[in-house]
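Just query_38.txt here, compact mmCIF, C-alpha atoms:
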# COMPACT_ATOMS: atom_id res chain seq x y z
CA MET A 291 15.40 -34.56 2.55
CA VAL A 292 14.72 -31.35 0.64
CA ALA A 293 18.39 -30.50 0.13
CA PRO A 294 18.86 -32.39 -3.17
CA LEU A 295 15.97 -30.42 -4.69
CA PHE A 296 16.80 -26.89 -3.51
CA THR A 297 19.89 -24.77 -2.94
CA ILE A 298 20.92 -25.26 0.68
CA SER A 299 20.06 -22.21 2.78
CA SER A 300 18.26 -21.31 5.98
CA THR A 301 15.05 -20.62 4.05
CA MET A 302 15.12 -23.59 1.71
CA GLY A 303 12.11 -25.21 3.37
CA THR A 304 9.83 -22.18 3.23
CA LEU A 305 8.34 -22.66 -0.22
CA PHE A 306 8.24 -26.41 0.24
CA GLY A 307 6.39 -26.01 3.55
CA ILE A 308 3.89 -23.55 2.07
CA LYS A 309 3.17 -25.93 -0.78
CA ALA A 310 2.74 -28.83 1.67
CA PHE A 311 0.35 -26.74 3.77
CA ALA A 312 -1.59 -25.78 0.64
CA VAL A 313 -1.93 -29.43 -0.32
CA ALA A 314 -3.01 -30.41 3.21
CA ILE A 315 -5.66 -27.70 3.20
CA LEU A 316 -6.82 -28.52 -0.31
CA GLY A 317 -7.24 -32.18 0.59
CA GLY A 318 -9.33 -31.33 3.61
CA ILE A 319 -8.12 -31.47 7.19
CA GLY A 320 -8.46 -34.97 8.64
CA ASN A 321 -8.85 -36.64 5.27
CA ALA A 322 -5.61 -38.55 4.53
CA TRP A 323 -6.66 -39.90 1.16
CA GLY A 324 -7.90 -36.46 0.19
CA VAL A 325 -4.47 -35.01 0.93
CA VAL A 326 -2.82 -37.69 -1.23
CA LEU A 327 -5.15 -36.90 -4.12
CA ALA A 328 -4.75 -33.15 -3.61
CA GLY A 329 -0.96 -33.57 -3.71
CA LEU A 330 -1.25 -35.41 -6.98
CA ILE A 331 -3.56 -32.77 -8.46
CA TYR A 332 -1.35 -29.91 -7.25
CA GLY A 333 1.81 -31.50 -8.67
CA VAL A 334 0.26 -32.29 -12.04
CA ALA A 335 -1.26 -28.78 -12.26
CA GLU A 336 2.07 -27.13 -11.46
CA ALA A 337 3.92 -29.29 -14.00
CA LEU A 338 1.32 -28.52 -16.67
CA ILE A 339 1.56 -24.78 -16.00
CA ILE A 340 5.36 -24.88 -16.26
CA ALA A 341 5.14 -26.87 -19.50
CA LEU A 342 2.52 -24.60 -21.06
CA ALA A 343 3.34 -21.14 -19.72
CA GLY A 344 6.89 -21.38 -18.40
CA SER A 345 8.23 -21.32 -14.86
CA THR A 346 8.09 -17.54 -14.34
CA TYR A 347 4.45 -17.38 -13.36
CA SER A 348 3.98 -20.98 -12.22
CA GLN A 349 3.80 -20.22 -8.50
CA ILE A 350 1.53 -17.23 -8.99
CA THR A 351 -0.81 -19.38 -11.05
CA THR A 352 -0.81 -22.39 -8.73
CA PHE A 353 -1.47 -20.31 -5.62
CA THR A 354 -4.21 -18.45 -7.48
CA LEU A 355 -5.75 -21.83 -8.26
CA VAL A 356 -5.53 -22.72 -4.56
CA ILE A 357 -7.42 -19.53 -3.66
CA LEU A 358 -10.07 -20.21 -6.30
CA ALA A 359 -10.45 -23.83 -5.17
CA LEU A 360 -10.94 -22.76 -1.56
CA ALA A 361 -13.36 -20.03 -2.61
CA LEU A 362 -15.46 -22.62 -4.42
CA ARG A 363 -15.05 -25.42 -1.85
CA PRO A 364 -14.40 -23.76 1.54
CA ASN A 365 -13.60 -27.08 3.27
CA GLY A 366 -11.08 -28.30 0.73
CA LEU A 367 -11.62 -30.44 -2.33
CA PHE A 368 -12.34 -33.58 -0.32
CA GLY A 369 -13.18 -32.20 3.12
CA ARG A 370 -16.52 -32.16 4.85
CA ALA A 371 -18.17 -29.23 6.52
CA GLU A 372 -17.94 -29.22 10.31
CA VAL A 373 -21.17 -29.99 12.14
CA LYS A 374 -21.81 -27.53 14.93
CA LYS A 375 -23.23 -29.23 18.00
CA VAL A 376 -25.53 -26.99 19.96
CA MET B 247 0.90 15.77 26.89
CA LYS B 248 1.87 18.33 29.53
CA PRO B 249 2.98 21.83 28.34
CA ALA B 250 6.52 21.35 29.64
CA GLY B 251 6.82 18.03 27.83
CA ALA B 252 5.50 19.60 24.64
CA ILE B 253 8.08 22.38 24.83
CA VAL B 254 10.95 19.97 25.49
CA GLY B 255 9.71 17.70 22.70
CA GLY B 256 9.39 20.61 20.30
CA VAL B 257 12.90 21.86 21.05
CA LEU B 258 14.27 18.34 20.67
CA LEU B 259 12.48 17.93 17.36
CA ALA B 260 13.80 21.27 16.10
CA CYS B 261 17.35 20.24 17.08
CA ILE B 262 16.98 16.95 15.22
CA CYS B 263 15.63 18.73 12.14
CA LEU B 264 18.54 21.16 12.23
CA PHE B 265 20.96 18.28 12.58
CA ILE B 266 19.38 16.49 9.63
CA THR B 267 19.80 19.50 7.35
CA ARG B 268 23.52 19.61 8.20
CA ALA B 269 24.36 15.93 8.62
CA ASN B 270 26.65 14.03 6.29
CA GLY B 271 25.64 11.02 4.23
CA TYR B 272 26.41 8.34 6.79
CA GLN B 273 24.66 10.20 9.62
CA LEU B 274 21.60 10.61 7.40
CA TYR B 275 21.69 6.91 6.61
CA VAL B 276 21.64 6.03 10.31
CA ILE B 277 18.92 8.57 11.17
CA ALA B 278 16.72 7.45 8.27
CA LEU B 279 17.07 3.83 9.35
CA VAL B 280 16.14 4.70 12.94
CA GLY B 281 13.13 6.72 11.77
CA LEU B 282 11.87 4.06 9.40
CA THR B 283 12.37 1.30 11.96
CA THR B 284 10.37 3.34 14.45
CA ILE B 285 7.53 3.77 11.96
CA VAL B 286 7.48 0.06 11.11
CA ALA B 287 7.54 -0.84 14.82
CA LEU B 288 4.67 1.53 15.57
CA VAL B 289 2.59 0.21 12.68
CA SER B 290 3.29 -3.35 13.81
CA MET B 291 2.17 -2.44 17.32
CA CYS B 292 -1.08 -1.02 15.97
CA TRP B 293 -1.69 -4.09 13.83
CA SER B 294 -0.81 -6.50 16.61
CA GLU B 295 -3.79 -5.18 18.55
CA CYS B 296 -5.88 -6.93 15.92
CA PRO B 297 -4.17 -10.32 15.36
CA ALA B 298 -6.36 -11.39 12.45
CA ARG B 299 -5.08 -8.49 10.41
CA SER B 300 -1.41 -8.59 11.34
CA ARG B 301 -0.43 -11.21 8.79
CA LEU B 302 -2.35 -9.34 6.14
CA ALA B 303 -0.61 -6.09 6.95
CA THR B 304 2.92 -7.46 6.85
CA ARG B 305 2.21 -9.40 3.68
CA HIS B 306 0.82 -6.48 1.74
CA SER B 307 2.50 -3.37 3.03
CA MET B 308 5.87 -3.86 1.33
CA PRO B 309 4.64 -4.94 -2.11
CA SER B 310 2.05 -2.14 -2.10
CA GLY B 311 4.67 0.43 -1.15
CA ARG B 312 7.02 -0.82 -3.79
CA THR B 313 4.27 -0.73 -6.41
CA TRP B 314 3.55 2.88 -5.45
CA TRP B 315 7.22 3.80 -5.83
CA GLY B 316 7.28 1.92 -9.12
CA PHE B 317 4.33 3.87 -10.45
CA SER B 318 5.76 7.14 -9.25
CA GLN B 319 9.03 6.61 -11.09
CA ARG B 320 7.57 5.86 -14.51
CA ARG B 321 7.21 8.94 -16.69
CA SER B 322 4.90 7.12 -19.07
CA ILE B 323 2.30 6.71 -16.34
CA GLY B 324 2.30 10.25 -15.03
CA ARG B 325 3.50 12.57 -12.35
CA TRP B 326 4.63 11.59 -8.88
CA TRP B 327 1.43 12.66 -7.15
CA ALA B 328 -0.69 10.87 -9.73
CA ALA B 329 0.86 7.64 -8.49
CA LEU B 330 -0.84 8.01 -5.10
CA PRO B 331 -4.46 7.45 -6.24
CA LEU B 332 -3.24 4.81 -8.68
CA ALA B 333 -1.53 2.92 -5.86
CA ALA B 334 -4.68 3.26 -3.76
CA LEU B 335 -6.71 1.73 -6.59
CA VAL B 336 -4.27 -1.16 -6.93
CA ALA B 337 -4.31 -1.78 -3.18
CA GLY B 338 -8.11 -1.55 -3.13
CA ALA B 339 -8.45 -4.02 -5.99
CA ALA B 340 -6.09 -6.42 -4.22
CA GLY B 341 -8.11 -6.09 -1.02
CA LEU B 342 -11.34 -6.76 -2.88
CA VAL B 343 -9.94 -9.93 -4.45
CA LEU B 344 -8.87 -11.16 -1.01
CA ALA B 345 -12.11 -10.13 0.68
CA LEU B 346 -14.34 -12.22 -1.58
CA PRO B 347 -13.08 -15.67 -0.44
CA ARG B 348 -13.00 -14.34 3.14
CA PHE B 349 -16.79 -14.53 3.26
CA ARG B 350 -16.74 -18.28 2.60
CA VAL B 351 -13.65 -19.79 4.26
CA ARG B 352 -12.75 -19.95 7.96
CA GLY B 353 -9.99 -21.09 10.29
CA PRO B 354 -6.96 -22.81 8.72
CA TYR B 355 -8.58 -22.57 5.29
CA LEU B 356 -8.68 -18.79 5.64
CA ALA B 357 -5.04 -18.86 6.79
CA MET B 358 -4.10 -20.71 3.62
CA VAL B 359 -6.00 -18.22 1.45
CA THR B 360 -4.16 -15.37 3.17
CA ILE B 361 -0.76 -17.00 2.75
CA ALA B 362 -1.45 -17.86 -0.89
CA PHE B 363 -2.67 -14.35 -1.61
CA GLY B 364 0.39 -12.80 0.02
CA PHE B 365 2.57 -15.10 -2.03
CA VAL B 366 0.79 -14.11 -5.24
CA VAL B 367 1.15 -10.39 -4.42
CA GLU B 368 4.83 -10.74 -3.52
CA GLN B 369 5.72 -12.83 -6.56
CA GLY B 370 3.58 -10.67 -8.84
CA ALA B 371 5.25 -7.47 -7.66
CA ALA B 372 8.68 -9.03 -8.06
CA GLU B 373 7.98 -10.37 -11.53
CA TRP B 374 6.54 -7.02 -12.66
CA SER B 375 10.06 -5.77 -13.10
CA GLY B 376 9.11 -2.97 -15.50
CA VAL B 377 7.41 -1.13 -12.64
CA THR B 378 8.86 -2.52 -9.41
CA GLY B 379 12.40 -3.28 -10.53
CA GLY B 380 12.05 -7.01 -9.89
CA TRP B 381 13.76 -8.74 -6.98
CA ASN B 382 16.52 -6.09 -6.87
CA GLY B 383 14.04 -3.24 -6.39
CA LEU B 384 14.35 0.24 -7.82
CA LEU B 385 17.76 1.80 -8.05
CA ALA B 386 18.79 5.44 -8.43
CA PHE B 387 15.27 6.86 -8.48
CA ARG B 388 14.77 10.57 -9.02
CA CYS B 389 15.07 12.86 -5.99
CA ARG B 390 12.22 14.95 -4.63
CA ALA B 391 12.97 18.65 -4.19
CA TRP B 392 11.12 21.41 -2.33
CA ARG B 393 12.15 25.09 -2.48
CA ASP B 394 15.83 25.51 -1.68
CA LEU B 395 16.15 22.63 0.78
CA PRO B 396 18.71 20.03 -0.20
CA SER B 397 17.04 17.35 -2.25
CA ARG B 398 19.07 14.35 -1.15
CA ASN B 399 16.82 11.38 -0.63
CA ALA B 400 18.19 10.39 2.74
CA ARG B 401 17.65 13.92 4.08
CA TRP B 402 14.01 13.94 2.98
CA LEU B 403 13.53 10.45 4.29
CA SER B 404 14.93 11.43 7.68
CA LEU B 405 12.77 14.53 7.92
CA SER B 406 9.60 12.79 6.78
CA SER B 407 10.12 9.84 9.12
CA LEU B 408 10.12 12.22 12.08
CA ALA B 409 6.54 13.36 11.56
CA PRO B 410 4.59 10.17 12.34
CA SER B 411 6.98 9.21 15.15
CA ARG B 412 6.54 12.60 16.77
CA ARG B 413 2.77 12.44 16.30
CA PHE B 414 2.56 9.00 17.89
CA PHE B 415 4.58 9.88 20.97
CA SER B 416 2.72 13.15 21.46
CA THR B 417 -0.57 11.27 21.61
CA ARG B 418 0.72 8.48 23.89
CA GLY B 419 2.84 10.64 26.15
Would you mind giving the structure from this file in structure tokens?
Amino acid sequence: MVAPLFTISSTMGTLFGIKAFAVAILGGIGNAWGVVLAGLIYGVAEALIIALAGSTYSQITTFTLVILALALRPNGLFGRAEVKKV
Amino acid sequence: MKPAGAIVGGVLLACICLFITRANGYQLYVIALVGLTTIVALVSMCWSECPARSRLATRHSMPSGRTWWGFSQRRSIGRWWAALPLAALVAGAAGLVLALPRFRVRGPYLAMVTIAFGFVVEQGAAEWSGVTGGWNGLLAFRCRAWRDLPSRNARWLSLSSLAPSRRFFSTRG
């Protein structure tokens, strides 16, 4: 499925997988609608960065945004904090 | 280590050093590869004893090393030894940036922060081609020389890679 988008190689899924994991984490684990929204936000943000600043630093910038988002919201953008049962 | 083992090890080490000073280019290439692989394997073993840090170590060791080499090769920045504290500062700053989110996120969220940070460091080092040489790395860097010993890089690399390997086995033996 990824082959039409990337050059075919043994590592062609690495970046795609990392981005998918980032989106899943950003959306909040266990929150399907959150992941859909996070995917939309991630894609729009990446496209905007490429359009405004070029593709050279797009991945650095998007992953930096992921770190910042998780620093501000440790359970993802739409996730809820786990309740510890004692 | 027992005295007999130390003597045998010392003699063996001296023989290897003598061989390195007289070896040809291909032999040096093989010896340097063996030495460096040993060092990487030993470091990996040490890190694997603390699993939470292993990913961090593998993600940051190569870009940090390459940044140090990059700094050391630029005349505009300073001398070779001046690159050491500069590289330490860069590595420390990178560690500080990573440590701050560490206090807030846990579990898979922390894993994602670590992966993203490693990706940023790797891509940043590669794109900083003026210092690190980009994706191709640094080519034909200047040789280090000391007294009248031959200053070929592979020879120095082979000799220097012996020291930590020897130290490790002498403490474990």
Q: May I ask for the distance between atom CA of B:Ala269 and atom CA of B:Gly281, given in Å to one decimal place?
A: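 Distance reported for this atom pair: 14.9 Å.
When atom CA of A:Ile315 is paired with atom CA of B:Val351, their separation reads 11.3 Å.
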Q: Would you mind reading off the distance between atom CA of A:Thr352 and atom CA of B:Leu335, one decimal, in Å?
A: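 Separation of atom CA of A:Thr352 and atom CA of B:Leu335: 24.9 Å.
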Q.
At a cut-off of 12 Å, using only C-alpha atoms, what residues contact stretch 326-339 of chain A? Leave out same-chain residues fewer than 4 positions from it and give the result as a PyMOL selection string.
A. chain A and resi 309-322+343-356+359+366-369
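The environment of A:Leu295 within 12 Å, counting all atoms listed in the file and disregarding residues fewer than 4 places along the same chain, consists of A:Met291, A:Ser299, A:Met302, A:Gly303, A:Leu305, A:Phe306.
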Would you write out, as JSON lines, a table of all residues in chain B that have an atom no more than 9 Å from an atom of chain A, listing for each the closest atom pair and the distance in Å to one decimal, considering only C-alpha atoms and ordering rows by chain and rising residue number?
{"residue": "B:Leu344", "atom": "CA", "partner": "A:Ile357", "partner_atom": "CA", "distance": 8.9}
{"residue": "B:Leu346", "atom": "CA", "partner": "A:Ala361", "partner_atom": "CA", "distance": 7.9}
{"residue": "B:Pro347", "atom": "CA", "partner": "A:Ala361", "partner_atom": "CA", "distance": 4.9}
{"residue": "B:Arg348", "atom": "CA", "partner": "A:Ala361", "partner_atom": "CA", "distance": 8.1}
{"residue": "B:Phe349", "atom": "CA", "partner": "A:Ala361", "partner_atom": "CA", "distance": 8.7}
{"residue": "B:Arg350", "atom": "CA", "partner": "A:Pro364", "partner_atom": "CA", "distance": 6.1}
{"residue": "B:Val351", "atom": "CA", "partner": "A:Pro364", "partner_atom": "CA", "distance": 4.9}
{"residue": "B:Arg352", "atom": "CA", "partner": "A:Pro364", "partner_atom": "CA", "distance": 7.6}
{"residue": "B:Pro354", "atom": "CA", "partner": "A:Ile315", "partner_atom": "CA", "distance": 7.5}
{"residue": "B:Tyr355", "atom": "CA", "partner": "A:Ile315", "partner_atom": "CA", "distance": 6.3}
{"residue": "B:Leu356", "atom": "CA", "partner": "A:Leu360", "partner_atom": "CA", "distance": 8.5}
{"residue": "B:Met358", "atom": "CA", "partner": "A:Ala312", "partner_atom": "CA", "distance": 6.4}
{"residue": "B:Val359", "atom": "CA", "partner": "A:Ile357", "partner_atom": "CA", "distance": 5.5}
{"residue": "B:Thr360", "atom": "CA", "partner": "A:Ile357", "partner_atom": "CA", "distance": 8.6}
{"residue": "B:Ile361", "atom": "CA", "partner": "A:Ile308", "partner_atom": "CA", "distance": 8.1}
{"residue": "B:Ala362", "atom": "CA", "partner": "A:Phe353", "partner_atom": "CA", "distance": 5.3}
{"residue": "B:Phe363", "atom": "CA", "partner": "A:Phe353", "partner_atom": "CA", "distance": 7.3}
{"residue": "B:Phe365", "atom": "CA", "partner": "A:Ile350", "partner_atom": "CA", "distance": 7.4}
{"residue": "B:Val366", "atom": "CA", "partner": "A:Ile350", "partner_atom": "CA", "distance": 4.9}
{"residue": "B:Val367", "atom": "CA", "partner": "A:Ile350", "partner_atom": "CA", "distance": 8.2}
{"residue": "B:Gln369", "atom": "CA", "partner": "A:Ile350", "partner_atom": "CA", "distance": 6.5}
{"residue": "B:Gly370", "atom": "CA", "partner": "A:Ile350", "partner_atom": "CA", "distance": 6.9}
{"residue": "B:Glu373", "atom": "CA", "partner": "A:Thr346", "partner_atom": "CA", "distance": 7.7}
